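One structure below.
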Amino acid sequence: MKDMKPDLTRRRFLATTAIASATAAAGLPLAGPGRLMAQDAPRVLRVASGEGDKTQGTLDPALSAIDPDSARIGCCFERLTRFDVDMNVVPQLATSWESDDTGAVWTFHLRENVRFGDGTPMTAADVVFSFRRIVDPEVGSPGAGLLSALPATGVEAVDDLTVRFTLSSPVVEFPSLITNRFTYIVKAGQSSEDLRTRGIGTGAYRVGHFVPGEEPAIFERNEYYWREGFPKFDRLELRSIPDPAAHVAALLSGQIDLSWDIPRSGVQALEASPEVEVLTQRSGFVISMAMQVDKAPFDDVRVRTAMKLVTDRQIILDGALSGYGNLGNDNPVAPWVPYGIEEPPRPRDVETAKALLAEAGHPDGIDVELYTSEATPGFVEMATLYQALAADAGIRVTINRAPAHDYFANVWRKVPFCCASKSGRTADEAMALFYLSGVSWNDTNWKNADFDAAIAEARQTLDPGKRTELYQKAQRLIQEDGGVILPVFSAVLGAQRTGLTGWTLPVQKYDVEFTEVAPA
């Protein structure tokens with residue numbers, strides 16, 4: 001935690017005086033004397049994030065698009081594997097796995113005595129159904145690009161507790177590849193309509209009430225949950241509070257118990273409160289600006305390079321994220337992730353940026369429109385700082401501030417230049433999901449045959465040294481030719497009321513779950 005010396009008395013007074021109006025703005029009732037319900041009443045955990053798209057939300061893992069989707073999904077679904085805080089793959093619904101000598105055939109052994117929220121047993125047939133949905137073109141899952149080496153006929157049940165994946169080409173990092181936001185196991189036979197709002201999974205909670213556009217989403221304790229003694233709450237209520245002041249006020253007043261995505265502007269007020277504990281976790285969570293390379297002026301690599309060179313990464317880290325994060329280098333793979341590139345980021349170079357713009361036919365600079373929003377903490381601050389930094393090179397940035405509630409549905413991938421955020425991922429997923437030619441989440445519209453070939457070859461290269469070379473070659477291509485300005489990786493920043501225990505922040509915001517949260 002940063003060494004802050006706040007004026008506690010003054011900050012507590014200012015925070016307290018703002019609580020009533022801010023909580024009303026968030027649509028929350030005013031606080032009562034206690035934040036947890038009485039012992040003879042159901043124990044309710046109230047959780048909030050600062051992001052949200054209330055009109056496009058889903059519980060269908062195959063169609064998970066935004067982090068609030070993932071938070072809801074994490075309440076009631078689980079995957080074969082998950083990541084620990086060091087990005088190592090660890091078991092969840094699978095207990096072990098192995099591959100053949102080539103990495104093309106993988107066998108996963110499932111945990112015994114796991115039941116879905118309706119009491120029925122989970123078997124290999126449910127795993128087969130879940131993965132076939134992801135690769136089915138009719139479902140339209142963005143995860144299909146990650147699983148391009150898995151044909152629908154390539155996943156089969158060997159017996160009730162054994163699943164075999166036979167790939168069209170070797171993927172030596174297959175366990176990491178399937179540890180993503182789309183691969184949660186759903187009960188076989190559910191329709192897409194049911195999965196959007198009434199999905200049945202093996203998680204600690206089952207769906208109580210979820211309607212896109214309505215809040216809160218309500219989840220009830222799964223009495224069949226396979227982890228004995230969990231969850232500790234009878235009900236979980238999950239909502240989004242995009243307004244930073246209302247979000248902070250809700251925590252300070254006890255209207256919510258836990259937030260996995262607090263606004264940076266409110267950190268000091270939360271740290272000053274004896275009733276709140278601020279938590280942080282290093283993460284590869286991307287805060288960036290995406291330029292669509294098929295739209296002028298971003299269709300010229302000299303312009304794209306100039307736009308990267310005007311960036312002062314430390315200024316953006318300090319100003320947009322209050323220092324909670326790490327410097328980026330226009331590469332979506334965090335340097336501490338396996339296969340990441342550990343080197344100092346490129347320095348700011350205004351003179352070279354000016355020269356490149358002139359060479360590209362813009363001696364008097366360029367005018368660009370940057371879309372931003374409060375949809376992700378730090379977006380607005382980053383855009384404002386970038387506007388000032390870019391002006392030194394004659395890059396005149398007009399900021400268009402869009403509504404937060406539908407930013408990722410109506411702005412991201414639909415405008416030539418916008419702020420973008422992405423959860424921290426493995427090297428392969430961080431690149432493949434957004435930069436392979438033709439993938440649905442390619443927000444820069446960048447296509448590079450050498451990049452595609454490097455990813456394909458890396459996936460089937462058994463030698464670790466050669467595989468590292470290929471993944472790092474792919475990263476260099478994004479840095480040098482791609483359309484992403486990536487100045488920082490944001491730390492995951494959360495907070496909880498002091499009466500809670502057992503919660504650990506995830507390294508990926510889409511991996512958030514609340515199974516072990518308990519009242520003190």
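In the structure tokens, each chain is lettered A, B, ... as it comes, each chain's residues begin at 1, and ligands are numbered from 1 in order of appearance.
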- From the DSSP assignment of the backbone, select every residue of stretch 188-335 of chain A that is strand (DSSP E), and format the answer as a ChimeraX atom specification. /A:205-209,217-221,235-240,258-259,276-291,325-327
Export of the given selection (C-alpha atoms) as an mmCIF file, in the first residue's frame:
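Printed below is out_16.cif as written:
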data_model
loop_
_atom_site.group_PDB
_atom_site.id
_atom_site.type_symbol
_atom_site.label_atom_id
_atom_site.label_comp_id
_atom_site.auth_asym_id
_atom_site.auth_seq_id
_atom_site.Cartn_x
_atom_site.Cartn_y
_atom_site.Cartn_z
ATOM 1 C CA TYR A 205 -24.605 -19.392 -5.474
ATOM 2 C CA ARG A 206 -27.518 -20.010 -7.814
ATOM 3 C CA VAL A 207 -29.515 -17.405 -9.701
ATOM 4 C CA GLY A 208 -32.272 -15.829 -7.646
ATOM 5 C CA HIS A 209 -33.259 -12.929 -9.890
ATOM 6 C CA ALA A 217 -28.891 -9.076 -9.478
ATOM 7 C CA ILE A 218 -29.726 -11.529 -6.680
ATOM 8 C CA PHE A 219 -28.064 -14.887 -6.055
ATOM 9 C CA GLU A 220 -29.113 -17.444 -3.443
ATOM 10 C CA ARG A 221 -26.892 -19.877 -1.567
ATOM 11 C CA ARG A 235 -27.831 -14.287 -0.419
ATOM 12 C CA LEU A 236 -25.590 -12.119 -2.569
ATOM 13 C CA GLU A 237 -26.747 -8.872 -4.194
ATOM 14 C CA LEU A 238 -24.642 -7.519 -7.039
ATOM 15 C CA ARG A 239 -25.026 -4.048 -8.520
ATOM 16 C CA SER A 240 -23.102 -1.469 -10.556
ATOM 17 C CA LEU A 258 -17.605 -4.988 -0.775
ATOM 18 C CA SER A 259 -16.424 -3.523 -4.076
ATOM 19 C CA VAL A 276 -13.204 0.305 5.299
ATOM 20 C CA GLU A 277 -10.190 -1.730 4.218
ATOM 21 C CA VAL A 278 -8.648 -0.954 0.806
ATOM 22 C CA LEU A 279 -7.100 -3.929 -1.013
ATOM 23 C CA THR A 280 -4.832 -3.986 -4.048
ATOM 24 C CA GLN A 281 -3.369 -6.663 -6.324
ATOM 25 C CA ARG A 282 -0.828 -6.367 -9.145
ATOM 26 C CA SER A 283 -2.559 -7.171 -12.396
ATOM 27 C CA GLY A 284 -2.136 -7.154 -16.138
ATOM 28 C CA PHE A 285 -5.425 -5.243 -16.464
ATOM 29 C CA VAL A 286 -5.022 -3.072 -19.563
ATOM 30 C CA ILE A 287 -5.928 0.624 -19.711
ATOM 31 C CA SER A 288 -5.363 1.771 -23.285
ATOM 32 C CA MET A 289 -6.450 3.857 -26.256
ATOM 33 C CA ALA A 290 -7.396 1.934 -29.387
ATOM 34 C CA MET A 291 -6.786 3.363 -32.877
ATOM 35 C CA GLY A 325 -0.512 0.040 -11.382
ATOM 36 C CA ASN A 326 2.523 -0.533 -13.575
ATOM 37 C CA LEU A 327 3.916 1.086 -16.704
#
Contact table stretch 373-397 of chain A vs stretch 419-434 of chain A, cut-off 12 Å, shortest pair per residue, only C-alpha atoms, as a Markdown table:
| residue | atom | partner | partner_atom | distance |
| --- | --- | --- | --- | --- |
| A:Ser373 | CA | A:Cys419 | CA | 7.8 |
| A:Glu374 | CA | A:Cys419 | CA | 10.2 |
| A:Ala375 | CA | A:Ser421 | CA | 9.4 |
| A:Thr376 | CA | A:Ser421 | CA | 7.1 |
| A:Pro377 | CA | A:Ser421 | CA | 9.6 |
| A:Gly378 | CA | A:Cys419 | CA | 9.7 |
| A:Phe379 | CA | A:Cys419 | CA | 6.3 |
| A:Val380 | CA | A:Cys419 | CA | 8.6 |
| A:Glu381 | CA | A:Cys419 | CA | 10.7 |
| A:Met382 | CA | A:Cys419 | CA | 8.4 |
| A:Ala383 | CA | A:Cys419 | CA | 7.5 |
| A:Thr384 | CA | A:Cys419 | CA | 11.2 |
| A:Tyr386 | CA | A:Cys419 | CA | 10.9 |
- helix (DSSP H, G or I) residues, from DSSP on the backbone, in stretch 356-457 of chain A, as number ranges by chain: A: 356-359, 379-391, 407-410, 427-435, 449-457
Write out the residues from the selection above, keeping N, CA and C atoms, as an mmCIF file, in the first residue's frame.
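The resulting file, out-v7.cif, is reproduced below:
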data_model
loop_
_atom_site.group_PDB
_atom_site.id
_atom_site.type_symbol
_atom_site.label_atom_id
_atom_site.label_comp_id
_atom_site.auth_asym_id
_atom_site.auth_seq_id
_atom_site.Cartn_x
_atom_site.Cartn_y
_atom_site.Cartn_z
ATOM 1 N N LEU A 356 7.746 12.384 -37.575
ATOM 2 C CA LEU A 356 6.966 11.315 -38.198
ATOM 3 C C LEU A 356 5.659 11.849 -38.775
ATOM 4 N N LEU A 357 5.007 12.761 -38.055
ATOM 5 C CA LEU A 357 3.777 13.357 -38.578
ATOM 6 C C LEU A 357 4.045 14.133 -39.859
ATOM 7 N N ALA A 358 5.135 14.898 -39.882
ATOM 8 C CA ALA A 358 5.484 15.653 -41.091
ATOM 9 C C ALA A 358 5.770 14.715 -42.241
ATOM 10 N N GLU A 359 6.501 13.645 -41.962
ATOM 11 C CA GLU A 359 6.826 12.654 -42.991
ATOM 12 C C GLU A 359 5.564 12.004 -43.546
ATOM 13 N N PHE A 379 -10.350 6.101 -17.109
ATOM 14 C CA PHE A 379 -10.544 6.452 -18.520
ATOM 15 C C PHE A 379 -10.534 7.968 -18.745
ATOM 16 N N VAL A 380 -11.369 8.682 -18.011
ATOM 17 C CA VAL A 380 -11.515 10.121 -18.237
ATOM 18 C C VAL A 380 -10.206 10.839 -17.937
ATOM 19 N N GLU A 381 -9.562 10.463 -16.832
ATOM 20 C CA GLU A 381 -8.298 11.099 -16.462
ATOM 21 C C GLU A 381 -7.218 10.818 -17.496
ATOM 22 N N MET A 382 -7.160 9.578 -18.000
ATOM 23 C CA MET A 382 -6.169 9.248 -19.018
ATOM 24 C C MET A 382 -6.389 10.065 -20.280
ATOM 25 N N ALA A 383 -7.626 10.182 -20.719
ATOM 26 C CA ALA A 383 -7.931 10.949 -21.926
ATOM 27 C C ALA A 383 -7.537 12.410 -21.769
ATOM 28 N N THR A 384 -7.825 12.986 -20.607
ATOM 29 C CA THR A 384 -7.499 14.393 -20.363
ATOM 30 C C THR A 384 -5.997 14.614 -20.342
ATOM 31 N N LEU A 385 -5.269 13.711 -19.701
ATOM 32 C CA LEU A 385 -3.806 13.830 -19.655
ATOM 33 C C LEU A 385 -3.206 13.636 -21.036
ATOM 34 N N TYR A 386 -3.730 12.671 -21.783
ATOM 35 C CA TYR A 386 -3.208 12.431 -23.127
ATOM 36 C C TYR A 386 -3.453 13.639 -24.033
ATOM 37 N N GLN A 387 -4.600 14.264 -23.899
ATOM 38 C CA GLN A 387 -4.907 15.456 -24.686
ATOM 39 C C GLN A 387 -3.829 16.517 -24.489
ATOM 40 N N ALA A 388 -3.424 16.759 -23.240
ATOM 41 C CA ALA A 388 -2.401 17.768 -22.948
ATOM 42 C C ALA A 388 -1.032 17.339 -23.466
ATOM 43 N N LEU A 389 -0.686 16.076 -23.302
ATOM 44 C CA LEU A 389 0.617 15.588 -23.749
ATOM 45 C C LEU A 389 0.733 15.621 -25.271
ATOM 46 N N ALA A 390 -0.323 15.211 -25.956
ATOM 47 C CA ALA A 390 -0.297 15.142 -27.418
ATOM 48 C C ALA A 390 -0.208 16.516 -28.060
ATOM 49 N N ALA A 391 -0.730 17.534 -27.392
ATOM 50 C CA ALA A 391 -0.731 18.891 -27.964
ATOM 51 C C ALA A 391 0.685 19.388 -28.241
ATOM 52 N N TYR A 407 -21.237 2.058 -22.678
ATOM 53 C CA TYR A 407 -20.018 2.430 -23.416
ATOM 54 C C TYR A 407 -19.468 1.261 -24.240
ATOM 55 N N PHE A 408 -19.386 0.088 -23.616
ATOM 56 C CA PHE A 408 -18.781 -1.040 -24.326
ATOM 57 C C PHE A 408 -19.729 -1.646 -25.362
ATOM 58 N N ALA A 409 -20.993 -1.312 -25.304
ATOM 59 C CA ALA A 409 -21.938 -1.781 -26.315
ATOM 60 C C ALA A 409 -22.026 -0.817 -27.497
ATOM 61 N N ASN A 410 -21.940 0.492 -27.235
ATOM 62 C CA ASN A 410 -22.221 1.475 -28.274
ATOM 63 C C ASN A 410 -21.026 2.303 -28.738
ATOM 64 N N ALA A 427 -0.151 -14.610 -21.960
ATOM 65 C CA ALA A 427 0.407 -14.007 -23.167
ATOM 66 C C ALA A 427 -0.415 -14.368 -24.395
ATOM 67 N N ASP A 428 -0.750 -15.626 -24.544
ATOM 68 C CA ASP A 428 -1.494 -16.052 -25.731
ATOM 69 C C ASP A 428 -2.862 -15.391 -25.786
ATOM 70 N N GLU A 429 -3.606 -15.461 -24.683
ATOM 71 C CA GLU A 429 -4.963 -14.906 -24.697
ATOM 72 C C GLU A 429 -4.957 -13.396 -24.862
ATOM 73 N N ALA A 430 -4.004 -12.700 -24.209
ATOM 74 C CA ALA A 430 -3.951 -11.241 -24.308
ATOM 75 C C ALA A 430 -3.764 -10.790 -25.745
ATOM 76 N N MET A 431 -3.033 -11.576 -26.514
ATOM 77 C CA MET A 431 -2.799 -11.208 -27.916
ATOM 78 C C MET A 431 -3.854 -11.801 -28.848
ATOM 79 N N ALA A 432 -4.137 -13.086 -28.697
ATOM 80 C CA ALA A 432 -5.007 -13.765 -29.654
ATOM 81 C C ALA A 432 -6.439 -13.259 -29.628
ATOM 82 N N LEU A 433 -6.953 -12.958 -28.446
ATOM 83 C CA LEU A 433 -8.362 -12.586 -28.324
ATOM 84 C C LEU A 433 -8.667 -11.248 -28.979
ATOM 85 N N PHE A 434 -7.644 -10.375 -29.105
ATOM 86 C CA PHE A 434 -7.888 -9.018 -29.594
ATOM 87 C C PHE A 434 -7.116 -8.637 -30.855
ATOM 88 N N TYR A 435 -6.129 -9.437 -31.257
ATOM 89 C CA TYR A 435 -5.265 -8.985 -32.349
ATOM 90 C C TYR A 435 -5.107 -9.974 -33.493
ATOM 91 N N ALA A 449 -0.146 -10.758 -40.982
ATOM 92 C CA ALA A 449 0.066 -12.178 -41.266
ATOM 93 C C ALA A 449 1.242 -12.740 -40.464
ATOM 94 N N ASP A 450 2.287 -11.945 -40.278
ATOM 95 C CA ASP A 450 3.429 -12.424 -39.499
ATOM 96 C C ASP A 450 3.038 -12.667 -38.046
ATOM 97 N N PHE A 451 2.196 -11.790 -37.517
ATOM 98 C CA PHE A 451 1.702 -11.950 -36.145
ATOM 99 C C PHE A 451 0.864 -13.227 -36.033
ATOM 100 N N ASP A 452 -0.074 -13.415 -36.959
ATOM 101 C CA ASP A 452 -0.914 -14.611 -36.937
ATOM 102 C C ASP A 452 -0.062 -15.874 -36.972
ATOM 103 N N ALA A 453 0.970 -15.857 -37.821
ATOM 104 C CA ALA A 453 1.826 -17.036 -37.964
ATOM 105 C C ALA A 453 2.634 -17.294 -36.698
ATOM 106 N N ALA A 454 3.101 -16.231 -36.042
ATOM 107 C CA ALA A 454 3.887 -16.393 -34.818
ATOM 108 C C ALA A 454 3.050 -17.028 -33.703
ATOM 109 N N ILE A 455 1.792 -16.574 -33.565
ATOM 110 C CA ILE A 455 0.916 -17.154 -32.542
ATOM 111 C C ILE A 455 0.642 -18.623 -32.848
ATOM 112 N N ALA A 456 0.334 -18.914 -34.111
ATOM 113 C CA ALA A 456 0.027 -20.298 -34.498
ATOM 114 C C ALA A 456 1.215 -21.216 -34.242
ATOM 115 N N GLU A 457 2.412 -20.765 -34.580
ATOM 116 C CA GLU A 457 3.600 -21.600 -34.383
ATOM 117 C C GLU A 457 3.934 -21.751 -32.902
#
- Message: Could you tell me how far atom CA of A:Gly140 sits from atom CA of A:Ala125, in Å to one decimal place?
- Response: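 About the pair atom CA of A:Ala125 and atom CA of A:Gly140: they are 21.2 Å apart.
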- When distances are computed from only C-alpha atoms, which of A:Ala188, A:Val114, A:Ile66, A:Ala474 shows the smallest separation from A:Val333? A:Ala474
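For the set A:Pro519, A:Ala62, A:Phe233, A:Ala334, the residue with the smallest atom-to-atom gap to A:Thr498 is A:Pro519, counting only C-alpha atoms.
Restricting the calculation to only C-alpha atoms, the smallest distance between A:Ile341 and any of A:Ile185, A:Leu505, A:Leu470, A:Val89 is found for A:Leu470.
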Just the residues within 10 Å of A:Ser64, please, counting only C-alpha atoms, with nothing from its chain fewer than 4 positions along; format it as a PDB file with C-alpha atoms, in the first residue's frame.
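part_29.pdb, written as the output of this step:
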ATOM      1  CA  GLY A  57     -25.816  -7.886 -19.395  1.00  0.00           C
ATOM      2  CA  THR A  58     -25.783 -11.677 -19.549  1.00  0.00           C
ATOM      3  CA  LEU A  59     -25.216 -14.754 -17.395  1.00  0.00           C
ATOM      4  CA  ASP A  60     -24.181 -16.833 -20.421  1.00  0.00           C
ATOM      5  CA  PRO A  68     -19.909  -7.151 -14.483  1.00  0.00           C
ATOM      6  CA  ASP A  69     -20.997 -10.124 -16.633  1.00  0.00           C
ATOM      7  CA  SER A  70     -18.041 -12.052 -15.248  1.00  0.00           C
ATOM      8  CA  ALA A  71     -18.871 -11.122 -11.654  1.00  0.00           C
ATOM      9  CA  ARG A  72     -22.397 -12.448 -12.078  1.00  0.00           C
ATOM     10  CA  ILE A  73     -21.149 -15.567 -13.860  1.00  0.00           C
ATOM     11  CA  SER A 141     -18.984 -16.727 -28.704  1.00  0.00           C
ATOM     12  CA  PRO A 142     -15.934 -14.417 -28.822  1.00  0.00           C
ATOM     13  CA  GLY A 143     -14.110 -17.330 -27.187  1.00  0.00           C
ATOM     14  CA  ARG A 181     -13.964 -15.843 -19.203  1.00  0.00           C
ATOM     15  CA  PHE A 182     -15.924 -18.069 -21.624  1.00  0.00           C
ATOM     16  CA  THR A 183     -15.147 -21.591 -20.423  1.00  0.00           C
ATOM     17  CA  ARG A 196     -28.756 -15.427 -20.334  1.00  0.00           C
ATOM     18  CA  TYR A 510     -13.013 -11.132 -14.987  1.00  0.00           C
TER      19      TYR A 510
END
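Proximity of A:Leu251, A:Cys76, A:Met87, A:Val301 to A:Gly201, computed with only C-alpha atoms, is greatest for A:Cys76.
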- Taking into account only C-alpha atoms, which residue in the set A:Val85, A:Arg401, A:Leu63, A:Arg313 is nearest to A:Glu193? A:Leu63
If we count only C-alpha atoms and set the cut-off at 9 Å, which residues sit around A:Leu462, ignoring sequence neighbours fewer than 6 positions away in its own chain? Please answer as a compact mmCIF listing (two decimals) with N, CA and C atoms, in the first residue's frame.
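Saved as out.txt:
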# COMPACT_ATOMS: atom_id res chain seq x y z
N THR A 102 2.70 -34.83 -28.05
CA THR A 102 2.70 -33.71 -29.00
C THR A 102 1.98 -32.47 -28.48
N GLY A 103 1.16 -32.61 -27.45
CA GLY A 103 0.34 -31.49 -26.98
C GLY A 103 -0.94 -31.33 -27.78
N PRO A 170 -1.32 -29.09 -32.32
CA PRO A 170 -0.88 -29.06 -30.92
C PRO A 170 -1.04 -27.67 -30.29
N VAL A 171 -1.43 -27.63 -29.02
CA VAL A 171 -1.46 -26.41 -28.23
C VAL A 171 -0.84 -26.76 -26.89
N VAL A 172 0.44 -26.43 -26.73
CA VAL A 172 1.16 -26.87 -25.54
C VAL A 172 0.74 -26.11 -24.29
- Out of A:Ser273, A:Val488, A:Ala249, A:Asp101, which residue has the shortest atom-to-atom distance to A:Asp318 when counting only C-alpha atoms?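 The closest residue to A:Asp318 is A:Val488.
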- Query: What's the 10 Å shell around A:Val139, counting only C-alpha atoms, without same-chain residues fewer than 5 positions away, as a PyMOL selection string?
  - Reply: chain A and resi 62-63+132-134+144+192
